[in-house]
Every structure is written in C-alpha cells, then in structure tokens.
file start_3.cif (mmCIF, C-alpha atoms)
data_structure
#
loop_
_atom_site.label_atom_id
_atom_site.label_comp_id
_atom_site.auth_asym_id
_atom_site.auth_seq_id
_atom_site.Cartn_x
_atom_site.Cartn_y
_atom_site.Cartn_z
CA MET M 1 157.53 238.03 88.94
CA LYS M 2 155.16 240.95 88.43
CA LEU M 3 152.36 238.46 87.67
CA LEU M 4 153.13 236.60 90.91
CA PHE M 5 152.83 239.78 93.00
CA THR M 6 149.58 240.68 91.26
CA SER M 7 148.17 237.22 92.06
CA LEU M 8 149.23 237.49 95.69
CA PHE M 9 147.67 240.93 96.00
CA SER M 10 144.43 239.75 94.38
CA LEU M 11 144.15 236.62 96.54
CA LEU M 12 144.57 238.49 99.79
CA PHE M 13 142.25 241.36 99.05
CA ALA M 14 139.68 240.00 96.59
CA ALA M 15 137.11 239.80 99.37
CA SER M 16 137.66 243.36 100.56
CA PHE M 17 135.49 245.16 97.97
CA GLY M 18 132.21 246.55 99.20
CA GLN M 19 131.25 247.84 102.62
CA ILE M 20 133.77 247.32 105.41
CA ILE M 21 132.48 246.56 108.90
CA LYS M 22 134.70 248.05 111.60
CA GLY M 23 134.61 247.15 115.26
CA VAL M 24 136.42 246.46 118.49
CA CYS M 25 136.19 243.44 120.83
CA LYS M 26 136.44 243.89 124.61
CA ASP M 27 136.07 241.75 127.70
CA ASP M 28 132.57 242.30 129.12
CA LYS M 29 133.86 242.55 132.71
CA SER M 30 137.29 244.18 132.56
CA GLY M 31 136.66 246.24 129.43
CA LYS M 32 140.12 245.33 128.13
CA ALA M 33 140.68 244.80 124.41
CA ILE M 34 140.87 241.16 123.31
CA PRO M 35 143.42 240.26 120.61
CA PHE M 36 143.11 237.37 118.15
CA ILE M 37 139.35 236.91 118.31
CA ASN M 38 138.29 234.87 115.24
CA ILE M 39 135.60 236.62 113.19
CA VAL M 40 133.70 234.90 110.38
CA ASN M 41 131.19 236.42 107.95
CA GLY M 42 130.22 233.79 105.38
CA LYS M 43 133.42 233.06 103.43
CA ASN M 44 135.22 236.12 104.83
CA TYR M 45 137.45 235.58 107.85
CA THR M 46 139.67 237.81 109.98
CA TYR M 47 140.80 238.29 113.58
CA THR M 48 141.28 241.22 115.95
CA ASP M 49 144.65 242.93 116.28
CA THR M 50 146.51 243.46 119.56
CA LYS M 51 144.17 246.38 120.41
CA GLY M 52 141.01 244.39 119.72
CA ASN M 53 140.20 246.19 116.47
CA PHE M 54 138.98 244.46 113.31
CA GLU M 55 137.71 245.14 109.80
CA ILE M 56 135.76 242.66 107.67
CA PRO M 57 133.73 242.92 104.44
CA GLY M 58 129.98 242.80 105.06
CA LYS M 59 126.56 244.29 104.42
CA ALA M 60 123.24 244.73 106.17
CA GLY M 61 121.70 241.39 107.12
CA ASP M 62 125.02 239.56 107.48
CA SER M 63 125.80 237.73 110.71
CA LEU M 64 129.27 238.06 112.23
CA VAL M 65 130.41 235.13 114.38
CA PHE M 66 133.05 235.85 117.06
CA SER M 67 134.94 232.96 118.66
CA HIS M 68 137.95 232.38 120.89
CA ILE M 69 139.10 229.48 123.03
CA SER M 70 138.78 231.63 126.19
CA TYR M 71 135.43 233.28 125.37
CA ARG M 72 131.89 232.19 124.59
CA ARG M 73 130.91 232.23 120.93
CA TYR M 74 129.00 235.40 120.06
CA THR M 75 126.91 236.26 116.97
CA ILE M 76 125.79 239.73 115.91
CA LYS M 77 123.62 240.70 112.95
CA ILE M 78 124.41 243.80 110.90
CA GLU M 79 121.45 246.15 111.02
CA GLU M 80 119.95 248.04 108.09
CA GLY M 81 120.94 251.66 107.59
CA ARG M 82 124.11 251.59 109.68
CA SER M 83 126.86 254.05 108.79
CA GLY M 84 130.02 252.71 107.20
CA GLU M 85 132.06 254.69 109.76
CA GLU M 86 130.15 253.31 112.75
CA VAL M 87 132.32 251.12 114.98
CA LEU M 88 130.75 247.98 116.41
CA GLN M 89 131.28 247.54 120.14
CA VAL M 90 131.48 243.80 120.81
CA LYS M 91 131.65 242.56 124.40
CA MET M 92 132.78 238.96 124.90
CA GLU M 93 131.96 236.80 127.92
CA SER M 94 135.01 234.97 129.24
CA ILE M 95 134.97 231.26 130.08
CA ASN M 96 136.47 230.24 133.39
CA LYS M 97 138.55 227.24 132.39
CA GLU M 98 139.32 224.97 135.29
CA LEU M 99 141.57 222.00 134.75
CA SER M 100 140.14 218.79 136.19
CA PRO M 101 143.00 216.32 135.77
CA PHE M 102 142.69 212.57 136.04
CA VAL M 103 145.28 211.54 138.62
CA VAL M 104 146.94 208.14 139.00
CA ASN M 105 149.59 207.81 141.72
CA GLY M 106 149.87 211.58 141.92
CA THR M 107 150.64 212.01 138.20
CA GLN M 108 148.49 214.14 135.91
CA ARG M 109 147.34 212.14 132.89
CA PRO M 110 146.63 213.60 129.44
CA ASP M 111 143.02 213.87 128.26
CA THR M 112 141.92 211.51 125.48
CA LEU M 113 140.04 213.92 123.23
CA VAL M 114 139.12 211.73 120.26
CA ALA M 115 139.16 207.93 120.21
CA SER M 116 137.40 205.40 118.01
CA PRO M 117 137.74 201.62 117.57
CA LEU M 118 136.58 201.98 113.93
CA TRP M 119 139.06 204.49 112.56
CA MET M 120 142.44 206.03 113.39
CA ILE M 121 143.64 209.61 113.17
CA ARG M 122 146.34 210.35 110.63
CA ASP M 123 146.66 214.11 111.12
CA PHE M 124 144.84 217.08 112.69
CA PHE M 125 144.79 220.86 112.37
CA PHE M 126 143.25 223.84 114.15
CA PHE M 127 140.31 225.38 112.25
CA HIS M 128 139.09 228.64 113.83
CA ASP M 129 137.95 227.42 117.29
CA SER M 130 137.61 223.78 116.20
CA LEU M 131 139.73 220.81 115.18
CA LEU M 132 139.98 219.24 111.73
CA LEU M 133 140.79 215.53 111.86
CA LEU M 134 142.12 213.50 108.95
CA THR M 135 141.03 209.92 109.66
CA TRP M 136 141.01 206.56 107.94
CA GLU M 137 139.39 203.22 108.56
CA LYS M 138 141.04 199.84 108.03
CA ASN M 139 141.54 200.71 104.39
CA PRO M 140 144.07 203.62 104.13
CA ASN M 141 142.33 204.75 100.93
CA LYS M 142 139.04 205.29 102.79
CA CYS M 143 139.64 208.67 104.42
CA PHE M 144 137.30 211.11 106.14
CA LEU M 145 137.67 214.73 107.14
CA ARG M 146 136.02 215.28 110.54
CA LEU M 147 135.29 218.47 112.47
CA THR M 148 135.22 218.51 116.28
CA ASP M 149 135.37 221.13 119.00
CA LEU M 150 138.47 221.45 121.18
CA ASN M 151 136.99 218.89 123.57
CA GLY M 152 136.64 216.27 120.84
CA THR M 153 132.87 216.39 120.16
CA GLU M 154 132.29 215.71 116.45
CA SER M 155 129.96 218.05 114.50
CA ALA M 156 130.62 217.24 110.82
CA SER M 157 132.38 214.77 108.54
CA LEU M 158 133.20 214.49 104.84
CA PRO M 159 134.58 211.56 102.79
CA ILE M 160 137.75 212.24 100.78
CA LYS M 161 138.09 210.49 97.44
CA ASP M 162 141.63 211.77 96.78
CA LYS M 163 144.72 210.59 98.71
CA PRO M 164 145.43 213.23 101.45
CA LEU M 165 148.98 214.44 102.03
CA GLY M 166 148.51 217.14 104.69
CA PHE M 167 147.08 220.50 105.77
CA PHE M 168 148.31 224.01 105.06
CA LYS M 169 147.15 227.39 106.40
CA ASP M 170 147.78 230.54 104.37
CA VAL M 171 148.46 234.01 105.73
CA ALA M 172 144.80 235.00 105.28
CA GLY M 173 143.64 232.15 107.57
CA ASN M 174 142.29 229.80 104.87
CA ILE M 175 142.91 226.07 105.42
CA TYR M 176 143.88 223.81 102.52
CA LEU M 177 144.06 220.05 102.15
CA GLU M 178 146.87 218.94 99.87
CA CYS M 179 146.15 215.65 98.11
CA LYS M 180 147.93 213.52 95.55
CA ALA M 181 145.76 214.58 92.61
CA ASN M 182 144.62 218.05 93.65
CA THR M 183 144.58 220.73 96.34
CA TYR M 184 141.36 221.84 98.07
CA ARG M 185 140.33 224.77 100.25
CA ILE M 186 138.31 223.64 103.28
CA ASP M 187 135.10 225.58 103.99
CA HIS M 188 132.58 225.18 106.81
CA TYR M 189 129.07 226.45 106.09
CA LYS M 190 125.79 225.78 107.93
CA GLY M 191 127.28 222.90 109.90
CA ALA M 192 128.78 221.06 106.90
CA LEU M 193 132.30 220.71 105.51
CA TYR M 194 133.09 221.45 101.87
CA LEU M 195 136.19 220.97 99.71
CA GLN M 196 136.70 223.60 96.99
CA ASP M 197 139.13 222.89 94.15
CA VAL M 198 141.93 225.46 93.80
CA ASP M 199 144.19 226.10 90.84
CA GLU M 200 147.47 224.41 91.75
CA MET M 201 149.58 226.80 89.64
CA THR M 202 148.22 229.72 91.64
CA TYR M 203 148.39 227.78 94.90
CA TYR M 204 152.07 226.79 94.65
CA ASN M 205 153.24 230.06 93.10
CA ALA M 206 151.16 232.59 95.01
CA VAL M 207 149.68 231.00 98.16
CA ARG M 208 152.23 228.44 99.39
CA PRO M 209 155.22 230.86 99.47
CA GLY M 210 153.42 233.26 101.85
CA VAL M 211 154.69 232.77 105.42
CA GLY M 212 153.59 235.93 107.23
CA LEU M 213 151.39 239.01 106.97
CA SER M 214 151.66 242.40 108.67
CA PRO M 215 149.57 245.55 108.17
CA LYS M 216 152.18 246.83 105.72
CA ALA M 217 153.76 243.81 104.06
CA LEU M 218 153.42 240.22 102.96
CA PHE M 219 156.39 238.02 103.84
CA SER M 220 157.12 235.18 101.42
CA THR M 221 159.91 232.67 100.83
CA THR M 222 161.84 231.20 97.91
CA TRP M 223 162.50 227.97 99.85
CA THR M 224 162.59 224.67 97.97
CA ALA M 225 163.54 221.25 99.31
CA GLN M 226 166.30 220.83 96.71
CA LYS M 227 168.38 224.00 97.28
CA PRO M 228 171.06 224.78 99.93
CA GLU M 229 169.95 228.44 100.12
CA PHE M 230 166.82 230.55 99.99
CA ALA M 231 165.58 234.04 100.83
CA TYR M 232 162.71 235.69 102.67
CA LEU M 233 161.04 238.47 100.69
CA ASN M 234 159.19 241.56 101.87
CA ILE M 235 156.33 242.46 99.49
CA ASN M 236 154.86 245.93 99.94
CA LEU M 237 151.05 245.70 100.01
CA LYS M 238 150.39 249.21 98.69
CA ASN M 239 152.71 248.95 95.71
CA PRO M 240 153.44 245.23 95.16
CA SER M 241 157.21 245.00 94.84
CA ALA M 242 159.64 242.59 96.49
CA ASP M 243 162.78 243.24 98.51
CA THR M 244 165.00 240.59 100.06
CA MET M 245 164.74 240.69 103.86
CA ILE M 246 167.34 238.04 104.64
CA HIS M 247 169.30 235.35 102.81
CA ILE M 248 169.52 231.90 104.43
CA CYS M 249 172.41 229.60 103.50
CA ASP M 250 174.09 226.50 104.92
CA GLN M 251 177.60 227.30 103.71
CA HIS M 252 179.02 223.78 104.09
CA LEU M 253 176.09 222.21 102.24
CA TYR M 254 176.29 225.02 99.65
CA ASP M 255 179.93 224.20 98.89
CA LEU M 256 179.20 220.48 98.52
CA TYR M 257 176.17 221.17 96.33
CA TYR M 258 178.00 223.35 93.81
CA ALA M 259 181.05 221.07 93.77
CA GLU M 260 179.01 218.27 92.16
CA TYR M 261 179.29 219.89 88.72
CA LYS M 262 183.01 220.58 89.14
CA PHE M 263 183.95 216.91 89.50
CA LEU M 264 181.81 215.50 86.67
CA PRO M 265 183.53 214.00 83.61
CA PHE M 266 183.97 216.43 80.73
CA PRO M 267 181.46 214.67 78.37
CA VAL M 268 178.78 214.79 81.09
CA LYS M 269 179.44 218.51 81.65
CA CYS M 270 178.98 219.11 77.91
CA GLU M 271 175.67 217.24 77.89
CA ILE M 272 174.43 219.20 80.93
CA ASN M 273 175.45 222.50 79.30
CA ARG M 274 173.57 221.58 76.09
CA ARG M 275 170.47 220.72 78.13
CA CYS M 276 170.64 223.98 80.09
CA ARG M 277 170.93 226.02 76.90
CA ARG M 278 167.73 224.37 75.66
CA THR M 279 165.72 224.58 78.88
CA GLY M 280 167.20 227.54 80.77
CA GLU M 281 167.96 225.36 83.85
CA ASP M 282 170.91 225.99 86.14
CA LYS M 283 173.80 223.63 85.40
CA TYR M 284 174.67 223.24 89.09
CA GLU M 285 171.11 222.23 89.99
CA VAL M 286 171.01 219.71 87.12
CA ALA M 287 174.36 218.25 88.18
CA ALA M 288 173.32 217.88 91.83
CA ALA M 289 170.12 216.11 90.79
CA ALA M 290 171.88 213.91 88.22
CA THR M 291 174.48 212.67 90.72
CA GLY M 292 171.79 211.96 93.34
CA PHE M 293 173.37 214.38 95.83
CA THR M 294 169.98 215.76 96.96
CA SER M 295 168.91 212.19 97.80
CA SER M 296 172.14 211.19 99.56
CA ILE M 297 172.93 210.93 103.27
CA TRP M 298 174.85 214.20 102.99
CA TRP M 299 171.76 216.18 102.06
CA HIS M 300 169.29 217.82 104.44
CA LYS M 301 166.50 220.33 103.93
CA LEU M 302 167.19 223.81 105.21
CA TYR M 303 165.25 224.90 108.29
CA ALA M 304 165.12 228.55 109.33
CA PRO M 305 161.44 229.38 109.95
CA LEU M 306 159.78 232.81 109.90
CA LEU M 307 157.14 233.13 112.64
CA MET M 308 154.91 236.11 113.37
CA GLU M 309 154.74 237.75 116.81
CA ASP M 310 152.02 240.42 116.62
CA THR M 311 153.20 242.59 113.71
CA PHE M 312 156.86 241.50 114.01
CA ALA M 313 158.45 238.79 111.86
CA LEU M 314 160.96 236.55 113.65
CA VAL M 315 163.49 234.60 111.56
CA PHE M 316 165.31 231.79 113.40
CA ASP M 317 168.49 231.41 111.32
CA HIS M 318 169.91 228.04 112.38
CA TYR M 319 173.03 228.57 110.23
CA LYS M 320 174.06 232.00 111.53
CA ASP M 321 173.07 231.03 115.10
CA SER M 322 170.90 234.14 115.28
CA LEU M 323 167.32 235.27 115.81
CA PHE M 324 166.43 238.26 113.60
CA ARG M 325 163.45 240.50 114.38
CA PHE M 326 161.82 242.53 111.58
CA ASN M 327 159.16 245.20 111.93
CA ALA M 328 155.88 245.39 109.98
CA SER M 329 157.67 247.00 107.04
CA GLY M 330 160.24 244.20 106.81
CA GLU M 331 163.10 246.21 108.31
CA ILE M 332 165.44 244.52 110.78
CA VAL M 333 165.18 245.97 114.29
CA SER M 334 167.18 243.58 116.50
CA THR M 335 169.36 240.47 116.55
CA ALA M 336 169.98 237.91 119.30
CA ASN M 337 172.48 235.07 119.56
CA MET M 338 170.80 231.65 119.45
CA ASP M 339 172.21 228.39 120.78
CA PHE M 340 169.25 226.16 121.83
CA HIS M 341 169.35 224.51 118.37
CA LYS M 342 172.80 223.07 119.15
CA ASP M 343 171.35 220.70 121.76
CA LYS M 344 171.65 217.13 120.47
CA ALA M 345 168.06 216.46 121.55
CA TYR M 346 166.67 219.32 119.43
CA ARG M 347 164.49 218.01 116.58
CA ASN M 348 165.05 220.95 114.23
CA LYS M 349 161.50 222.15 114.75
CA LEU M 350 159.81 225.14 116.37
CA ILE M 351 156.12 225.02 117.34
CA GLN M 352 154.05 228.17 117.88
CA ASP M 353 151.00 228.40 120.11
CA VAL M 354 148.25 229.44 117.68
CA THR M 355 146.46 231.46 120.39
CA ASP M 356 149.19 233.02 122.54
CA GLN M 357 151.91 233.07 119.83
CA ASP M 358 154.46 231.59 122.27
CA ILE M 359 157.21 229.65 120.51
CA TYR M 360 158.58 226.31 121.73
CA ALA M 361 161.62 224.29 120.66
CA LEU M 362 160.83 220.60 120.19
CA ASN M 363 163.31 218.15 121.74
CA PHE M 364 163.31 214.36 121.70
CA LYS M 365 165.20 212.02 124.03
CA ASN M 366 164.67 208.38 125.06
CA GLY M 367 161.33 208.31 123.26
CA PHE M 368 159.92 211.36 125.07
CA SER M 369 159.22 214.67 123.35
CA SER M 370 159.70 217.89 125.30
CA LEU M 371 158.90 221.55 124.64
CA GLY M 372 161.22 224.37 125.69
CA LEU M 373 159.70 227.86 125.70
CA VAL M 374 161.86 230.25 123.62
CA ASN M 375 162.30 233.81 124.86
CA THR M 376 162.10 235.89 121.68
CA ASP M 377 164.05 238.77 123.27
CA ASP M 378 167.28 236.88 123.96
CA ALA M 379 166.65 233.61 121.99
CA LYS M 380 167.12 231.47 125.11
CA SER M 381 165.10 228.31 125.73
CA ALA M 382 163.57 227.57 129.13
CA GLU M 383 163.68 224.22 130.93
CA PRO M 384 161.62 221.90 128.69
CA PHE M 385 158.22 220.49 129.59
CA VAL M 386 158.17 216.72 128.92
CA LEU M 387 155.06 215.12 127.43
CA SER M 388 153.56 212.24 129.39
CA TYR M 389 153.57 209.65 126.59
CA ARG M 390 156.45 208.32 124.51
CA TYR M 391 156.58 208.66 120.72
CA ALA M 392 153.94 211.38 120.45
CA GLU M 393 153.31 212.49 116.86
CA GLN M 394 152.01 215.65 115.11
CA ILE M 395 152.57 217.87 118.16
CA ARG M 396 150.74 221.24 118.11
CA ILE M 397 149.90 223.87 120.75
CA ASN M 398 146.78 225.98 121.33
CA GLY M 399 146.24 228.13 124.41
CA ASN M 400 149.04 226.51 126.50
CA ARG M 401 147.49 223.14 125.72
CA VAL M 402 149.52 220.53 123.81
CA PHE M 403 147.67 218.35 121.28
CA TYR M 404 149.24 215.24 119.76
CA LEU M 405 148.57 211.83 118.26
CA TYR M 406 149.57 208.73 120.19
CA ARG M 407 149.26 204.98 120.04
CA PRO M 408 150.65 202.94 122.96
CA PHE M 409 153.95 201.34 122.03
CA GLU M 410 153.60 197.72 120.83
CA SER M 411 149.79 197.83 121.10
CA SER M 412 146.99 197.28 118.59
CA GLN M 413 145.11 200.41 119.67
CA ASN M 414 144.23 202.90 116.96
CA THR M 415 145.96 206.27 116.96
CA PHE M 416 144.01 208.62 119.26
CA LEU M 417 144.16 212.39 119.81
CA TYR M 418 145.39 213.48 123.24
CA ALA M 419 145.80 216.84 124.97
CA GLU M 420 147.56 218.00 128.12
CA TRP M 421 148.25 221.36 129.73
CA ILE M 422 151.73 222.80 129.86
CA LYS M 423 152.93 222.76 133.48
CA GLU M 424 152.22 225.78 135.67
CA ASN M 425 155.91 226.39 136.46
CA ASP M 426 156.62 226.74 132.73
CA LEU M 427 153.84 229.32 132.42
CA ALA M 428 155.13 231.24 135.42
CA GLU M 429 158.60 231.32 133.88
CA LYS M 430 157.09 232.68 130.66
CA LYS M 431 155.41 235.54 132.51
#
call {"tool": "encode", "arguments": {"input": "start_3.cif", "output": "structure tokens"}}
result
Amino acid sequence: MKLLFTSLFSLLFAASFGQIIKGVCKDDKSGKAIPFINIVNGKNYTYTDTKGNFEIPGKAGDSLVFSHISYRRYTIKIEEGRSGEEVLQVKMESINKELSPFVVNGTQRPDTLVASPLWMIRDFFFFHDSLLLLTWEKNPNKCFLRLTDLNGTESASLPIKDKPLGFFKDVAGNIYLECKANTYRIDHYKGALYLQDVDEMTYYNAVRPGVGLSPKALFSTTWTAQKPEFAYLNINLKNPSADTMIHICDQHLYDLYYAEYKFLPFPVKCEINRRCRRTGEDKYEVAAAATGFTSSIWWHKLYAPLLMEDTFALVFDHYKDSLFRFNASGEIVSTANMDFHKDKAYRNKLIQDVTDQDIYALNFKNGFSSLGLVNTDDAKSAEPFVLSYRYAEQIRINGNRVFYLYRPFESSQNTFLYAEWIKENDLAEKK
C-alpha cells in the first residue's frame, strides 16, 4: 500500500520540479477571473482554479498556450530573466457564440459535426479544447485516432495497430487509450498525435483508481466490477496516507454474494479453503466466481460515482439514497436525500459538463435519451431535456452543448457525431 501511494505521489508531481510559472487569467473586458482555462507547456498541463490562478512548470523560452471553449486561444512566451515570484497577467478575449440553428417545421435540428462515407465513429472524447475521435473503416481492425476542433474540423490523425477498448482521463488531465494488448497515453505535439506506452501495472494500480483531485488530497477508489462493496479513499498529498471517506455497499447484493460459499457442498468448500491457503485469496470471492454468480442475471456492477465540483467531492450513493459532499480535505460537510435515481427511466448514469461542471442524470424512454440537471445542493433533478434523435450513443456534455454518436434507425448510414445545445429554459432553471 505504501508503494502504491508513493507511485501516485510521483505520477502527479513528477513534472513539478524546476521553476514554477505563476499567473492569473482574466477577461480582457470585464477583468473578472476566468476558471478552468486549459494551459499547456510542452508535456505539462494544468488549468486555472475558480479564482483564475494557475501554476505550471516552465523555464525561459517556453511557450504557454491558453485555451477555453469561450475564449480565443492565446500563446505567451516566457521571457529571459523573469523572477520566479513574478505573476503573469493573462488577459483572454471572449468569443461571442451565437447559435445559428437549422430549422425544419419550427424544430431546432442538431448539428452534424463529423460525418464521413468512408469511416464510422466508434467513440469520442474531449481533449483540451479539441475532440479525439476513435474511428474505423469497413474493417473493424483498421482503426484511426483523429483530432478535430469542437466544430468538427480535422487537424491530425494516427493509425492504431492495437484493438482499442476506450478512453480514460486521469486526475492530472492526461488522456489514455486502453487497448487489448496495451495502454497508451495520448500526446499532441506540433500538430501531430502520439501514443506513448505506459506500464500497465502502474496504470491499473496507481492511475486508474484516481477519481478526483483537490488542492489538499487525491481521491481514489477500491471499486472492482466483481465486488458488491467498495470504498472511496482520501490520500493526503503532503504526507501520503489513506483514510476511508465513505463505504459503498448494496446490502441485498452483498448478502447474496457472501451466501454463495455457505450453500456449497462440503467437499467443494474444502477445496476452496485449500486453494485460499495457497494463494491468499478470499474464500467468498472464489466461491462467487466458481458458482458463476458474478455472471448471473442477479449480478450488477455497483454505481455510486464521485464527481468534483470546484474543490468539493460529491458522492452520489445510489444505495443509501443520499448525496454526500466532502471538502478539499476529504471531510464530509453536508448530506442531501436523493430520489431521482428511483425513476424507472433513469439509466444509472450521471454525466458532468466538462466545462461548467454541471451534472445531469441520464434517462431513457421510448428510444429517446433525456438529461435532467441535478441540483447538487438538494439532490433534485430538473425537468429533463430530451435529445432530438432516438438511440443516441456515447452522450457527453461540454459547455451546455450535448455531443453524441448517432446512426438513423434501420439505415445504412455510418455513425456520425452530432451536437445540440441544451434548451434555454433548462439553463434558466439552472441559474
């Protein structure tokens, strides 16, 4: 365990040695601080806090790139002889985004961002202020990683020899591509995409468990797909040590899981006990796997996500019907009763806007997906916004704009990437 914490600490702060560039980002007209501005310096990446402040490793001659969906990209070069205590004053020019919808019979239609007759989109992910697309041609083994802006204009592509499984973003902002044979970190340098091999032992033991990061703590999880319980851990960044924040358990599933060993024949119990003495495994876990319980219709994976809201960690415990709020140190500060997850249409999934941090509950009914804005103060869900197309897939949100994959039902069209704005009345209700 001590080795795990040391690895986590090293991964998060390996790039922090050397000179630290400090600064603050403000709107050039209003002078107000701008939170969540993406800042890139070579392989180092960070973003501004809620007061517009940032710190990033750098040296004289480096170029810092500032980007945000609502502001024009800005680049600044670090001058020679600057003081390490000097604070950069960065003023960003806002972009006036005006929605120009395509209207048919008075109905707003979604924008088709990316469409090609030669290949289809399997998955997508937000990458700084761009989009990463996982695409394939007629042969599913011939995959490409493509980079586009948020309007769908392609700028780079890279063939993938391995079989892709999906994307993952760690708490430090790095994007990974998980494949059948290996896991890769995705880098973008001088207009080109690169895949860097990562050690899978380190990745799955030290990177994958991390679910949130505050100025004082790293939040990680012990979740596995084959257990009826798990815990969220609070790891102190100054003195790496772990404390349990909250324990998540589906009590009914827990009772069924541990009863599998109880009802096994005596000779089978003896064999399992002998195996566990040799390997150190838990006899209840071995019994549940041996009987096929974790592959039966009675089994389901636990879902109680931890999502960050500024420096607060929000845990949506679907089994205690409660929303728990923790501060930056991992201490619980409030609790709210939660009931939106009891709706039969709820798909057991929460989606967070990567820019505004708003959280939406995903519902599905009669083929249409809908998004209900969740109030994180009282854990109530607003009237859901229904997507225009049926059977939308891979739904994600960025800046009140919903992105998803869609292929018209019973058509031969390839899967395209679409985007539409969340309705104005939903935004007004949020405010």
call {"tool": "closest_residue", "arguments": {"input": "start_3.cif", "among": "M:Gly42, M:Gly152, M:Gln251, M:Gly52", "to": "Asp111 in chain M", "atoms": "only C-alpha atoms"}}
result
M:Gly152
call {"tool": "closest_residue", "arguments": {"input": "start_3.cif", "among": "M:Asp149, M:Asn53, M:Leu218, M:Val374", "to": "Pro240 in chain M", "atoms": "only C-alpha atoms"}}
result
M:Leu218
call {"tool": "resolve_selection", "arguments": {"input": "start_3.cif", "expression": "the PyMOL selection byres ((chain M and resi 78) around 7)", "output": "number ranges by chain"}}
result
M: 59-63, 76-77, 79-80
call {"tool": "resolve_selection", "arguments": {"input": "start_3.cif", "expression": "the PyMOL selection byres ((chain M and resi 315-318) around 10)", "output": "PyMOL selection string"}}
result
chain M and resi 232+245-250+302-308+312-314+319-326+335-342+348+350+376+379
call {"tool": "closest_residue", "arguments": {"input": "start_3.cif", "among": "M:Ile395, M:Ala242, M:Ile121, M:Val40", "to": "Gly330 in chain M", "atoms": "all atoms listed in the file"}}
result
M:Ala242
call {"tool": "resolve_selection", "arguments": {"input": "start_3.cif", "expression": "the PyMOL selection byres ((chain M and resi 70) around 7)", "output": "list in words"}}
result
His68, Ile69, Tyr71, Ser94 and Ile95 of chain M
call {"tool": "decode", "arguments": {"input": "start_3.cif", "residues": "range 360-376 of chain M", "atoms": "N, CA and C atoms", "output": "mmCIF file, in the first residue's frame"}}
result
data_model
loop_
_atom_site.group_PDB
_atom_site.id
_atom_site.type_symbol
_atom_site.label_atom_id
_atom_site.label_comp_id
_atom_site.auth_asym_id
_atom_site.auth_seq_id
_atom_site.Cartn_x
_atom_site.Cartn_y
_atom_site.Cartn_z
ATOM 1 N N TYR M 360 -25.744 16.026 -14.874
ATOM 2 C CA TYR M 360 -27.038 15.646 -15.435
ATOM 3 C C TYR M 360 -27.282 14.153 -15.231
ATOM 4 N N ALA M 361 -28.536 13.810 -14.923
ATOM 5 C CA ALA M 361 -28.948 12.409 -14.832
ATOM 6 C C ALA M 361 -29.456 11.971 -16.200
ATOM 7 N N LEU M 362 -28.959 10.842 -16.679
ATOM 8 C CA LEU M 362 -29.339 10.337 -17.993
ATOM 9 C C LEU M 362 -30.552 9.420 -17.863
ATOM 10 N N ASN M 363 -31.618 9.751 -18.607
ATOM 11 C CA ASN M 363 -32.825 8.930 -18.646
ATOM 12 C C ASN M 363 -33.035 8.408 -20.062
ATOM 13 N N PHE M 364 -33.795 7.326 -20.172
ATOM 14 C CA PHE M 364 -34.058 6.740 -21.488
ATOM 15 C C PHE M 364 -35.481 6.192 -21.497
ATOM 16 N N LYS M 365 -36.276 6.652 -22.498
ATOM 17 C CA LYS M 365 -37.656 6.194 -22.596
ATOM 18 C C LYS M 365 -38.109 6.260 -24.048
ATOM 19 N N ASN M 366 -38.712 5.180 -24.521
ATOM 20 C CA ASN M 366 -39.231 5.087 -25.889
ATOM 21 C C ASN M 366 -38.164 5.412 -26.939
ATOM 22 N N GLY M 367 -36.934 5.051 -26.654
ATOM 23 C CA GLY M 367 -35.853 5.265 -27.612
ATOM 24 C C GLY M 367 -35.173 6.613 -27.501
ATOM 25 N N PHE M 368 -35.726 7.535 -26.717
ATOM 26 C CA PHE M 368 -35.164 8.877 -26.593
ATOM 27 C C PHE M 368 -34.408 9.022 -25.272
ATOM 28 N N SER M 369 -33.212 9.568 -25.354
ATOM 29 C CA SER M 369 -32.433 9.873 -24.155
ATOM 30 C C SER M 369 -32.742 11.296 -23.707
ATOM 31 N N SER M 370 -32.753 11.511 -22.405
ATOM 32 C CA SER M 370 -33.005 12.848 -21.865
ATOM 33 C C SER M 370 -32.050 13.113 -20.709
ATOM 34 N N LEU M 371 -31.788 14.398 -20.469
ATOM 35 C CA LEU M 371 -30.826 14.821 -19.458
ATOM 36 C C LEU M 371 -31.501 15.741 -18.458
ATOM 37 N N GLY M 372 -31.521 15.320 -17.192
ATOM 38 C CA GLY M 372 -32.106 16.129 -16.132
ATOM 39 C C GLY M 372 -31.020 16.759 -15.278
ATOM 40 N N LEU M 373 -30.973 18.094 -15.225
ATOM 41 C CA LEU M 373 -29.966 18.794 -14.452
ATOM 42 C C LEU M 373 -30.160 18.516 -12.963
ATOM 43 N N VAL M 374 -29.079 18.081 -12.282
ATOM 44 C CA VAL M 374 -29.148 17.748 -10.858
ATOM 45 C C VAL M 374 -28.654 18.935 -10.034
ATOM 46 N N ASN M 375 -29.493 19.385 -9.107
ATOM 47 C CA ASN M 375 -29.101 20.437 -8.176
ATOM 48 C C ASN M 375 -28.258 19.793 -7.072
ATOM 49 N N THR M 376 -26.994 20.155 -6.981
ATOM 50 C CA THR M 376 -26.100 19.498 -6.032
ATOM 51 C C THR M 376 -26.296 19.978 -4.595
#
